[in-house]
file query-v9.txt (compact mmCIF, N, CA and C atoms and all ligand atoms)
# COMPACT_ATOMS: atom_id res chain seq x y z
N MET A 1059 -13.67 -6.88 -5.22
CA MET A 1059 -14.99 -6.99 -4.62
C MET A 1059 -15.87 -5.89 -5.21
N LYS A 1060 -17.04 -6.26 -5.66
CA LYS A 1060 -17.96 -5.29 -6.24
C LYS A 1060 -18.99 -4.89 -5.19
N LEU A 1061 -19.17 -3.57 -5.05
CA LEU A 1061 -20.14 -3.08 -4.08
C LEU A 1061 -21.55 -3.30 -4.59
N PRO A 1062 -22.52 -3.52 -3.69
CA PRO A 1062 -23.92 -3.66 -4.11
C PRO A 1062 -24.40 -2.39 -4.81
N GLN A 1063 -25.39 -2.53 -5.69
CA GLN A 1063 -25.86 -1.41 -6.50
C GLN A 1063 -26.74 -0.44 -5.72
N ASN A 1064 -27.46 -0.92 -4.72
CA ASN A 1064 -28.35 -0.07 -3.95
C ASN A 1064 -27.54 1.03 -3.26
N GLN A 1065 -27.94 2.30 -3.45
CA GLN A 1065 -27.18 3.44 -2.91
C GLN A 1065 -27.05 3.39 -1.40
N VAL A 1066 -28.16 3.03 -0.71
CA VAL A 1066 -28.14 3.00 0.75
C VAL A 1066 -27.17 1.92 1.24
N VAL A 1067 -27.24 0.76 0.60
CA VAL A 1067 -26.34 -0.34 1.00
C VAL A 1067 -24.90 0.03 0.68
N ARG A 1068 -24.69 0.66 -0.48
CA ARG A 1068 -23.32 1.08 -0.86
C ARG A 1068 -22.76 2.07 0.16
N ALA A 1069 -23.55 3.05 0.54
CA ALA A 1069 -23.08 4.06 1.50
C ALA A 1069 -22.79 3.40 2.85
N ALA A 1070 -23.67 2.49 3.28
CA ALA A 1070 -23.45 1.80 4.56
C ALA A 1070 -22.21 0.92 4.49
N THR A 1071 -22.00 0.26 3.37
CA THR A 1071 -20.82 -0.59 3.20
C THR A 1071 -19.55 0.24 3.28
N LYS A 1072 -19.56 1.40 2.58
CA LYS A 1072 -18.39 2.29 2.63
C LYS A 1072 -18.12 2.74 4.06
N ARG A 1073 -19.19 3.11 4.76
CA ARG A 1073 -19.05 3.58 6.14
C ARG A 1073 -18.46 2.48 7.02
N VAL A 1074 -18.95 1.25 6.88
CA VAL A 1074 -18.45 0.12 7.69
C VAL A 1074 -16.97 -0.13 7.38
N VAL A 1075 -16.63 -0.10 6.10
CA VAL A 1075 -15.23 -0.33 5.72
C VAL A 1075 -14.34 0.76 6.32
N LEU A 1076 -14.77 2.02 6.22
CA LEU A 1076 -13.97 3.12 6.78
C LEU A 1076 -13.85 3.00 8.30
N ILE A 1077 -14.92 2.61 8.98
CA ILE A 1077 -14.87 2.45 10.43
C ILE A 1077 -13.93 1.32 10.81
N VAL A 1078 -14.03 0.18 10.10
CA VAL A 1078 -13.15 -0.96 10.40
C VAL A 1078 -11.68 -0.56 10.18
N LEU A 1079 -11.41 0.14 9.06
CA LEU A 1079 -10.03 0.57 8.80
C LEU A 1079 -9.55 1.54 9.87
N GLY A 1080 -10.42 2.48 10.26
CA GLY A 1080 -10.05 3.44 11.29
C GLY A 1080 -9.75 2.76 12.62
N VAL A 1081 -10.59 1.81 13.00
CA VAL A 1081 -10.39 1.08 14.26
C VAL A 1081 -9.09 0.27 14.18
N LEU A 1082 -8.85 -0.36 13.03
CA LEU A 1082 -7.63 -1.16 12.86
C LEU A 1082 -6.38 -0.27 12.97
N ILE A 1083 -6.39 0.86 12.30
CA ILE A 1083 -5.25 1.78 12.35
C ILE A 1083 -5.06 2.32 13.76
N ALA A 1084 -6.16 2.69 14.43
CA ALA A 1084 -6.08 3.18 15.81
C ALA A 1084 -5.51 2.10 16.73
N ALA A 1085 -5.96 0.86 16.54
CA ALA A 1085 -5.46 -0.25 17.38
C ALA A 1085 -3.97 -0.46 17.17
N LEU A 1086 -3.52 -0.38 15.91
CA LEU A 1086 -2.09 -0.54 15.63
C LEU A 1086 -1.27 0.59 16.26
N ILE A 1087 -1.78 1.82 16.20
CA ILE A 1087 -1.07 2.96 16.80
C ILE A 1087 -1.02 2.82 18.32
N ILE A 1088 -2.14 2.45 18.92
CA ILE A 1088 -2.18 2.28 20.38
C ILE A 1088 -1.23 1.15 20.81
N ALA A 1089 -1.25 0.05 20.07
CA ALA A 1089 -0.35 -1.06 20.39
C ALA A 1089 1.10 -0.62 20.23
N ASP A 1090 1.39 0.17 19.19
CA ASP A 1090 2.75 0.64 18.95
C ASP A 1090 3.22 1.54 20.10
N ILE A 1091 2.33 2.41 20.58
CA ILE A 1091 2.68 3.29 21.71
C ILE A 1091 2.93 2.45 22.96
N ASP A 1092 2.07 1.46 23.19
CA ASP A 1092 2.24 0.59 24.35
C ASP A 1092 3.56 -0.19 24.26
N LEU A 1093 3.86 -0.70 23.07
CA LEU A 1093 5.10 -1.47 22.89
C LEU A 1093 6.33 -0.56 23.03
N ALA A 1094 6.20 0.70 22.67
CA ALA A 1094 7.32 1.64 22.80
C ALA A 1094 7.61 1.94 24.26
N ARG A 1095 6.59 1.84 25.11
CA ARG A 1095 6.76 2.19 26.53
C ARG A 1095 7.27 1.03 27.38
N ASP A 1096 7.24 -0.21 26.86
CA ASP A 1096 7.67 -1.33 27.70
C ASP A 1096 9.20 -1.42 27.76
N ASP A 1097 9.71 -2.42 28.46
CA ASP A 1097 11.16 -2.53 28.69
C ASP A 1097 11.89 -3.30 27.58
N ILE A 1098 11.16 -3.79 26.62
CA ILE A 1098 11.77 -4.59 25.56
C ILE A 1098 12.15 -3.68 24.39
N ASP A 1099 13.41 -3.69 24.00
CA ASP A 1099 13.86 -2.87 22.87
C ASP A 1099 13.49 -3.52 21.55
N GLY A 1100 13.10 -2.69 20.58
CA GLY A 1100 12.89 -3.14 19.21
C GLY A 1100 11.65 -3.97 18.98
N ASN A 1101 10.61 -3.82 19.77
CA ASN A 1101 9.42 -4.65 19.57
C ASN A 1101 8.19 -3.88 19.08
N THR A 1102 8.36 -2.62 18.69
CA THR A 1102 7.20 -1.90 18.14
C THR A 1102 7.01 -2.31 16.68
N TRP A 1103 5.81 -2.05 16.15
CA TRP A 1103 5.55 -2.35 14.73
C TRP A 1103 6.55 -1.60 13.86
N SER A 1104 6.76 -0.34 14.20
CA SER A 1104 7.66 0.50 13.40
C SER A 1104 9.07 -0.08 13.39
N GLU A 1105 9.55 -0.46 14.57
CA GLU A 1105 10.91 -1.01 14.65
C GLU A 1105 11.01 -2.35 13.92
N LEU A 1106 9.95 -3.16 14.01
CA LEU A 1106 9.97 -4.46 13.34
C LEU A 1106 9.94 -4.31 11.82
N VAL A 1107 9.16 -3.34 11.32
CA VAL A 1107 9.12 -3.10 9.87
C VAL A 1107 10.49 -2.60 9.40
N ARG A 1108 11.07 -1.69 10.18
CA ARG A 1108 12.40 -1.16 9.83
C ARG A 1108 13.44 -2.28 9.80
N LEU A 1109 13.39 -3.16 10.81
CA LEU A 1109 14.30 -4.29 10.88
C LEU A 1109 14.10 -5.23 9.69
N ALA A 1110 12.83 -5.51 9.37
CA ALA A 1110 12.54 -6.39 8.23
C ALA A 1110 13.05 -5.76 6.93
N GLY A 1111 12.90 -4.43 6.80
CA GLY A 1111 13.40 -3.74 5.63
C GLY A 1111 14.91 -3.77 5.53
N ASP A 1112 15.56 -3.80 6.68
CA ASP A 1112 17.02 -3.89 6.71
C ASP A 1112 17.48 -5.29 6.32
N ARG A 1113 16.68 -6.28 6.65
CA ARG A 1113 17.06 -7.68 6.35
C ARG A 1113 16.75 -8.07 4.91
N THR A 1114 15.64 -7.56 4.38
CA THR A 1114 15.31 -7.86 2.98
C THR A 1114 14.74 -6.61 2.31
N ILE A 1115 15.32 -6.30 1.17
CA ILE A 1115 14.93 -5.11 0.43
C ILE A 1115 13.50 -5.24 -0.12
N GLY A 1116 12.97 -6.46 -0.10
CA GLY A 1116 11.60 -6.68 -0.58
C GLY A 1116 10.56 -5.93 0.23
N VAL A 1117 10.83 -5.68 1.51
CA VAL A 1117 9.86 -4.99 2.37
C VAL A 1117 9.66 -3.54 1.94
N PRO A 1118 10.72 -2.72 1.85
CA PRO A 1118 10.49 -1.35 1.36
C PRO A 1118 10.00 -1.33 -0.08
N TRP A 1119 10.40 -2.29 -0.88
CA TRP A 1119 9.91 -2.39 -2.26
C TRP A 1119 8.39 -2.57 -2.26
N LEU A 1120 7.88 -3.48 -1.43
CA LEU A 1120 6.43 -3.71 -1.36
C LEU A 1120 5.69 -2.48 -0.85
N PHE A 1121 6.25 -1.78 0.13
CA PHE A 1121 5.61 -0.54 0.62
C PHE A 1121 5.56 0.49 -0.52
N GLY A 1122 6.64 0.61 -1.29
CA GLY A 1122 6.68 1.55 -2.42
C GLY A 1122 5.66 1.18 -3.49
N LEU A 1123 5.54 -0.13 -3.76
CA LEU A 1123 4.54 -0.58 -4.74
C LEU A 1123 3.14 -0.16 -4.33
N VAL A 1124 2.81 -0.36 -3.07
CA VAL A 1124 1.47 -0.02 -2.58
C VAL A 1124 1.26 1.50 -2.61
N MET A 1125 2.31 2.27 -2.28
CA MET A 1125 2.18 3.73 -2.34
C MET A 1125 1.90 4.17 -3.78
N GLY A 1126 2.62 3.58 -4.75
CA GLY A 1126 2.38 3.91 -6.15
C GLY A 1126 0.99 3.46 -6.60
N HIS A 1127 0.56 2.33 -6.10
CA HIS A 1127 -0.77 1.80 -6.43
C HIS A 1127 -1.86 2.78 -5.99
N TRP A 1128 -1.74 3.32 -4.79
CA TRP A 1128 -2.77 4.21 -4.26
C TRP A 1128 -2.62 5.65 -4.72
N PHE A 1129 -1.39 6.16 -4.71
CA PHE A 1129 -1.17 7.60 -4.88
C PHE A 1129 -0.50 7.93 -6.21
N HIS A 1130 -1.11 7.50 -7.30
CA HIS A 1130 -0.56 7.79 -8.62
C HIS A 1130 -1.09 9.13 -9.12
N PRO A 1131 -0.46 9.67 -10.18
CA PRO A 1131 -0.74 11.05 -10.57
C PRO A 1131 -2.09 11.31 -11.23
N SER A 1132 -2.80 10.31 -11.69
CA SER A 1132 -4.05 10.58 -12.42
C SER A 1132 -5.13 9.58 -12.01
N ASP A 1133 -6.38 10.08 -11.92
CA ASP A 1133 -7.49 9.19 -11.54
C ASP A 1133 -7.79 8.13 -12.59
N ASP A 1134 -7.49 8.43 -13.86
CA ASP A 1134 -7.82 7.47 -14.90
C ASP A 1134 -6.58 6.80 -15.51
N LEU A 1135 -5.54 6.67 -14.71
CA LEU A 1135 -4.31 6.03 -15.17
C LEU A 1135 -4.56 4.54 -15.41
N LYS A 1136 -4.13 4.06 -16.55
CA LYS A 1136 -4.26 2.62 -16.88
C LYS A 1136 -2.88 1.99 -16.83
N PRO A 1137 -2.79 0.70 -16.50
CA PRO A 1137 -1.48 0.04 -16.46
C PRO A 1137 -0.84 0.04 -17.85
N ILE A 1138 0.48 0.25 -17.90
CA ILE A 1138 1.17 0.30 -19.19
C ILE A 1138 1.30 -1.10 -19.81
N VAL A 1139 1.10 -2.13 -19.00
CA VAL A 1139 1.03 -3.51 -19.49
C VAL A 1139 -0.36 -4.02 -19.11
N ASP A 1140 -1.06 -4.54 -20.11
CA ASP A 1140 -2.44 -5.00 -19.85
C ASP A 1140 -2.47 -6.16 -18.86
N PRO A 1141 -3.49 -6.20 -18.00
CA PRO A 1141 -3.67 -7.34 -17.09
C PRO A 1141 -3.92 -8.62 -17.91
N PRO A 1142 -3.47 -9.76 -17.49
CA PRO A 1142 -2.78 -10.02 -16.22
C PRO A 1142 -1.26 -9.89 -16.33
N GLY A 1143 -0.77 -9.42 -17.50
CA GLY A 1143 0.68 -9.28 -17.68
C GLY A 1143 1.29 -8.31 -16.69
N ASN A 1144 0.53 -7.27 -16.31
CA ASN A 1144 1.07 -6.30 -15.35
C ASN A 1144 1.38 -6.98 -14.00
N ALA A 1145 0.51 -7.90 -13.58
CA ALA A 1145 0.75 -8.60 -12.31
C ALA A 1145 2.01 -9.45 -12.41
N LEU A 1146 2.21 -10.05 -13.57
CA LEU A 1146 3.40 -10.88 -13.77
C LEU A 1146 4.66 -10.01 -13.70
N VAL A 1147 4.63 -8.83 -14.34
CA VAL A 1147 5.79 -7.93 -14.31
C VAL A 1147 6.05 -7.45 -12.88
N VAL A 1148 4.99 -7.12 -12.15
CA VAL A 1148 5.16 -6.68 -10.75
C VAL A 1148 5.78 -7.81 -9.92
N LEU A 1149 5.27 -9.02 -10.08
CA LEU A 1149 5.81 -10.16 -9.32
C LEU A 1149 7.27 -10.44 -9.70
N LEU A 1150 7.55 -10.41 -11.01
CA LEU A 1150 8.93 -10.66 -11.45
C LEU A 1150 9.88 -9.58 -10.95
N SER A 1151 9.46 -8.31 -11.05
CA SER A 1151 10.33 -7.23 -10.58
C SER A 1151 10.56 -7.35 -9.07
N THR A 1152 9.53 -7.75 -8.33
CA THR A 1152 9.69 -7.94 -6.89
C THR A 1152 10.68 -9.06 -6.61
N ALA A 1153 10.57 -10.15 -7.36
CA ALA A 1153 11.50 -11.27 -7.17
C ALA A 1153 12.93 -10.85 -7.50
N VAL A 1154 13.10 -10.10 -8.60
CA VAL A 1154 14.45 -9.66 -9.02
C VAL A 1154 15.04 -8.72 -7.97
N ILE A 1155 14.26 -7.75 -7.51
CA ILE A 1155 14.75 -6.79 -6.51
C ILE A 1155 15.11 -7.52 -5.21
N THR A 1156 14.24 -8.44 -4.80
CA THR A 1156 14.52 -9.19 -3.56
C THR A 1156 15.79 -10.01 -3.71
N ALA A 1157 15.97 -10.65 -4.86
CA ALA A 1157 17.18 -11.44 -5.09
C ALA A 1157 18.41 -10.54 -5.13
N LEU A 1158 18.30 -9.37 -5.78
CA LEU A 1158 19.43 -8.42 -5.81
C LEU A 1158 19.79 -7.98 -4.39
N GLY A 1159 18.77 -7.77 -3.58
CA GLY A 1159 19.00 -7.37 -2.20
C GLY A 1159 19.74 -8.42 -1.39
N LEU A 1160 19.58 -9.68 -1.78
CA LEU A 1160 20.30 -10.75 -1.10
C LEU A 1160 21.76 -10.80 -1.54
N LEU A 1161 22.02 -10.37 -2.80
CA LEU A 1161 23.37 -10.45 -3.35
C LEU A 1161 24.21 -9.23 -3.05
N MET A 1162 23.56 -8.07 -2.90
CA MET A 1162 24.30 -6.83 -2.67
C MET A 1162 23.54 -5.94 -1.71
N SER A 1163 24.24 -4.98 -1.17
CA SER A 1163 23.62 -4.07 -0.22
C SER A 1163 22.94 -2.92 -0.98
N LEU A 1164 21.62 -2.88 -0.88
CA LEU A 1164 20.87 -1.82 -1.52
C LEU A 1164 20.18 -1.00 -0.43
N PRO A 1165 20.20 0.34 -0.56
CA PRO A 1165 19.53 1.15 0.46
C PRO A 1165 18.02 1.00 0.42
N MET A 1166 17.42 0.94 1.63
CA MET A 1166 15.96 0.77 1.73
C MET A 1166 15.22 1.87 1.00
N TRP A 1167 15.67 3.12 1.19
CA TRP A 1167 14.96 4.25 0.62
C TRP A 1167 14.95 4.18 -0.90
N LEU A 1168 16.04 3.64 -1.49
CA LEU A 1168 16.12 3.54 -2.94
C LEU A 1168 15.08 2.55 -3.47
N ALA A 1169 14.94 1.42 -2.78
CA ALA A 1169 13.94 0.43 -3.19
C ALA A 1169 12.54 1.01 -3.08
N PHE A 1170 12.29 1.75 -2.01
CA PHE A 1170 10.97 2.36 -1.80
C PHE A 1170 10.66 3.35 -2.93
N ILE A 1171 11.64 4.24 -3.22
CA ILE A 1171 11.45 5.27 -4.25
C ILE A 1171 11.30 4.64 -5.64
N ALA A 1172 12.09 3.61 -5.93
CA ALA A 1172 12.03 2.96 -7.24
C ALA A 1172 10.72 2.20 -7.43
N ALA A 1173 10.17 1.68 -6.35
CA ALA A 1173 8.95 0.87 -6.46
C ALA A 1173 7.70 1.70 -6.71
N ALA A 1174 7.69 2.94 -6.23
CA ALA A 1174 6.47 3.76 -6.36
C ALA A 1174 6.04 3.94 -7.82
N PRO A 1175 6.94 4.31 -8.75
CA PRO A 1175 6.49 4.41 -10.15
C PRO A 1175 6.08 3.07 -10.74
N VAL A 1176 6.72 1.99 -10.29
CA VAL A 1176 6.33 0.66 -10.78
C VAL A 1176 4.89 0.37 -10.34
N GLY A 1177 4.59 0.68 -9.08
CA GLY A 1177 3.23 0.48 -8.58
C GLY A 1177 2.23 1.37 -9.29
N ALA A 1178 2.66 2.60 -9.62
CA ALA A 1178 1.75 3.55 -10.26
C ALA A 1178 1.46 3.16 -11.71
N TYR A 1179 2.49 2.78 -12.46
CA TYR A 1179 2.29 2.57 -13.90
C TYR A 1179 1.99 1.13 -14.28
N LEU A 1180 2.26 0.18 -13.38
CA LEU A 1180 1.90 -1.22 -13.67
C LEU A 1180 0.68 -1.67 -12.88
N TRP A 1181 0.39 -1.00 -11.75
CA TRP A 1181 -0.69 -1.45 -10.87
C TRP A 1181 -1.47 -0.26 -10.31
N PRO A 1182 -1.89 0.66 -11.19
CA PRO A 1182 -2.63 1.82 -10.66
C PRO A 1182 -4.01 1.39 -10.17
N MET A 1183 -4.41 1.97 -9.06
CA MET A 1183 -5.73 1.67 -8.54
C MET A 1183 -6.75 2.35 -9.45
N SER A 1184 -7.67 1.56 -9.98
CA SER A 1184 -8.69 2.15 -10.85
C SER A 1184 -9.92 2.41 -10.00
N ALA A 1185 -10.04 3.66 -9.60
CA ALA A 1185 -11.17 4.04 -8.76
C ALA A 1185 -12.42 4.19 -9.61
N ASN A 1186 -13.55 3.90 -9.01
CA ASN A 1186 -14.84 4.10 -9.66
C ASN A 1186 -15.03 5.61 -9.85
N PRO A 1187 -15.16 6.09 -11.11
CA PRO A 1187 -15.27 7.54 -11.34
C PRO A 1187 -16.44 8.18 -10.58
N ASP A 1188 -17.56 7.46 -10.48
CA ASP A 1188 -18.72 8.00 -9.75
C ASP A 1188 -18.39 8.16 -8.27
N ALA A 1189 -17.73 7.15 -7.69
CA ALA A 1189 -17.37 7.23 -6.27
C ALA A 1189 -16.38 8.35 -6.02
N LEU A 1190 -15.44 8.53 -6.98
CA LEU A 1190 -14.45 9.61 -6.84
C LEU A 1190 -15.11 10.98 -6.86
N SER A 1191 -16.01 11.20 -7.83
CA SER A 1191 -16.66 12.52 -7.92
C SER A 1191 -17.57 12.73 -6.70
N GLU A 1192 -18.18 11.64 -6.21
CA GLU A 1192 -19.01 11.72 -5.00
C GLU A 1192 -18.14 12.16 -3.81
N LEU A 1193 -16.98 11.56 -3.71
CA LEU A 1193 -16.05 11.88 -2.61
C LEU A 1193 -15.57 13.33 -2.71
N LYS A 1194 -15.24 13.76 -3.94
CA LYS A 1194 -14.77 15.13 -4.14
C LYS A 1194 -15.87 16.14 -3.82
N GLU A 1195 -17.12 15.79 -4.12
CA GLU A 1195 -18.25 16.67 -3.80
C GLU A 1195 -18.42 16.83 -2.29
N THR A 1196 -18.24 15.73 -1.54
CA THR A 1196 -18.44 15.80 -0.09
C THR A 1196 -17.31 16.59 0.58
N ARG A 1197 -16.15 16.69 -0.09
CA ARG A 1197 -15.04 17.45 0.49
C ARG A 1197 -15.22 18.95 0.34
N LYS A 1198 -16.07 19.38 -0.61
CA LYS A 1198 -16.25 20.82 -0.85
C LYS A 1198 -17.02 21.48 0.25
CA CA B 1201 9.57 -1.59 23.48

call {"tool": "encode", "arguments": {"input": "query-v9.txt", "output": "structure tokens"}}
result
Amino acid sequence: MKLPQNQVVRAATKRVVLIVLGVLIAALIIADIDLARDDIDGNTWSELVRLAGDRTIGVPWLFGLVMGHWFHPSDDLKPIVDPPGNALVVLLSTAVITALGLLMSLPMWLAFIAAAPVGAYLWPMSANPDALSELKETRK
């Protein structure tokens, strides 16, 4: 999605997106706390994600991919395979890891750790350099 060019609209759009994300995260945390306090065991978001990760290694793999996508070592990192080939490699590696997880017991943490560099070097988030420097300026 491309942000509108007008600075005022861009700033308002960013603010709305951040507010929506904040409200969504707060709602998930509040729901998780409420679910933790009820009489039903294993029904919190955290417990369900953990259970899903135990059932299929694809879940921690996907979390690792997203972590690598967001938190890679350089702002100007480019994928080592040009698009759209990088998406194909990410999808294929996800399919292979998920299939391996069905055939053998793989630890969740290993899938998570292995996926982060894949997400970073095949699917790095390319941030707008202007938006990044703007953000860094506001943090000072
Ligand atoms: Ca509960």

call {"tool": "atom_distance", "arguments": {"input": "query-v9.txt", "atom1": "CA of Ala1145 in chain A", "atom2": "CA of Leu1180 in chain A"}}
result
7.6 Å

call {"tool": "residues_near_ligand", "arguments": {"input": "query-v9.txt", "ligand": "ligand CA 1201 (chain B)", "cutoff": "8 Å", "atoms": "only N, CA and C atoms and all ligand atoms", "output": "PyMOL selection string"}}
result
chain A and resi 1090-1102

call {"tool": "write_last_selection", "arguments": {"input": "query-v9.txt", "atoms": "N, CA and C atoms", "output": "compact mmCIF listing (two decimals), in the coordinates of the input"}}
result
# COMPACT_ATOMS: atom_id res chain seq x y z
N ASP A 1090 1.39 0.17 19.19
CA ASP A 1090 2.75 0.64 18.95
C ASP A 1090 3.22 1.54 20.10
N ILE A 1091 2.33 2.41 20.58
CA ILE A 1091 2.68 3.29 21.71
C ILE A 1091 2.93 2.45 22.96
N ASP A 1092 2.07 1.46 23.19
CA ASP A 1092 2.24 0.59 24.35
C ASP A 1092 3.56 -0.19 24.26
N LEU A 1093 3.86 -0.70 23.07
CA LEU A 1093 5.10 -1.47 22.89
C LEU A 1093 6.33 -0.56 23.03
N ALA A 1094 6.20 0.70 22.67
CA ALA A 1094 7.32 1.64 22.80
C ALA A 1094 7.61 1.94 24.26
N ARG A 1095 6.59 1.84 25.11
CA ARG A 1095 6.76 2.19 26.53
C ARG A 1095 7.27 1.03 27.38
N ASP A 1096 7.24 -0.21 26.86
CA ASP A 1096 7.67 -1.33 27.70
C ASP A 1096 9.20 -1.42 27.76
N ASP A 1097 9.71 -2.42 28.46
CA ASP A 1097 11.16 -2.53 28.69
C ASP A 1097 11.89 -3.30 27.58
N ILE A 1098 11.16 -3.79 26.62
CA ILE A 1098 11.77 -4.59 25.56
C ILE A 1098 12.15 -3.68 24.39
N ASP A 1099 13.41 -3.69 24.00
CA ASP A 1099 13.86 -2.87 22.87
C ASP A 1099 13.49 -3.52 21.55
N GLY A 1100 13.10 -2.69 20.58
CA GLY A 1100 12.89 -3.14 19.21
C GLY A 1100 11.65 -3.97 18.98
N ASN A 1101 10.61 -3.82 19.77
CA ASN A 1101 9.42 -4.65 19.57
C ASN A 1101 8.19 -3.88 19.08
N THR A 1102 8.36 -2.62 18.69
CA THR A 1102 7.20 -1.90 18.14
C THR A 1102 7.01 -2.31 16.68

call {"tool": "residues_around", "arguments": {"input": "query-v9.txt", "residues": "Pro1165 in chain A", "least_positions_apart": "6", "cutoff": "8 Å", "atoms": "only N, CA and C atoms", "output": "PyMOL selection string"}}
result
chain A and resi 1111+1115+1118+1159

call {"tool": "closest_residue", "arguments": {"input": "query-v9.txt", "among": "A:Lys1072, A:Ala1084, A:Leu1150, A:Leu1160", "to": "Arg1113 in chain A", "atoms": "all atoms listed in the file"}}
result
A:Leu1160

call {"tool": "closest_residue", "arguments": {"input": "query-v9.txt", "among": "A:Val1117, A:Glu1105, A:Leu1076, A:Gly1126", "to": "Thr1156 in chain A", "atoms": "only C-alpha atoms"}}
result
A:Val1117

call {"tool": "select_by_dssp", "arguments": {"input": "query-v9.txt", "residues": "range 1111-1169 of chain A", "states": "helix (DSSP H, G or I)", "output": "PyMOL selection string"}}
result
chain A and resi 1111-1113+1116-1128+1143-1161+1166-1169

call {"tool": "axis_aligned_box", "arguments": {"input": "query-v9.txt", "around": "range 1074-1092 of chain A", "padding_each_side": "5 Å", "output": "JSON"}}
result
{"center_x": -7.7, "center_y": 1.1, "center_z": 15.0, "size_x": 32.5, "size_y": 14.6, "size_z": 28.6}

call {"tool": "residues_near_point", "arguments": {"input": "query-v9.txt", "point": "(-1.5, -1.0, -11.0)", "cutoff": "12 Å", "atoms": "only C-alpha atoms", "output": "PyMOL selection string"}}
result
chain A and resi 1123-1130+1132-1149+1173-1185

call {"tool": "atom_distance", "arguments": {"input": "query-v9.txt", "atom1": "CA of Val1107 in chain A", "atom2": "CA of Met1166 in chain A"}}
result
11.3 Å

call {"tool": "atom_distance", "arguments": {"input": "query-v9.txt", "atom1": "CA of Thr1152 in chain A", "atom2": "CA of Leu1106 in chain A"}}
result
20.5 Å

call {"tool": "closest_residue", "arguments": {"input": "query-v9.txt", "among": "A:Val1078, A:Ala1169, A:Ala1085, A:Ala1069", "to": "Trp1119 in chain A", "atoms": "all atoms listed in the file"}}
result
A:Ala1169
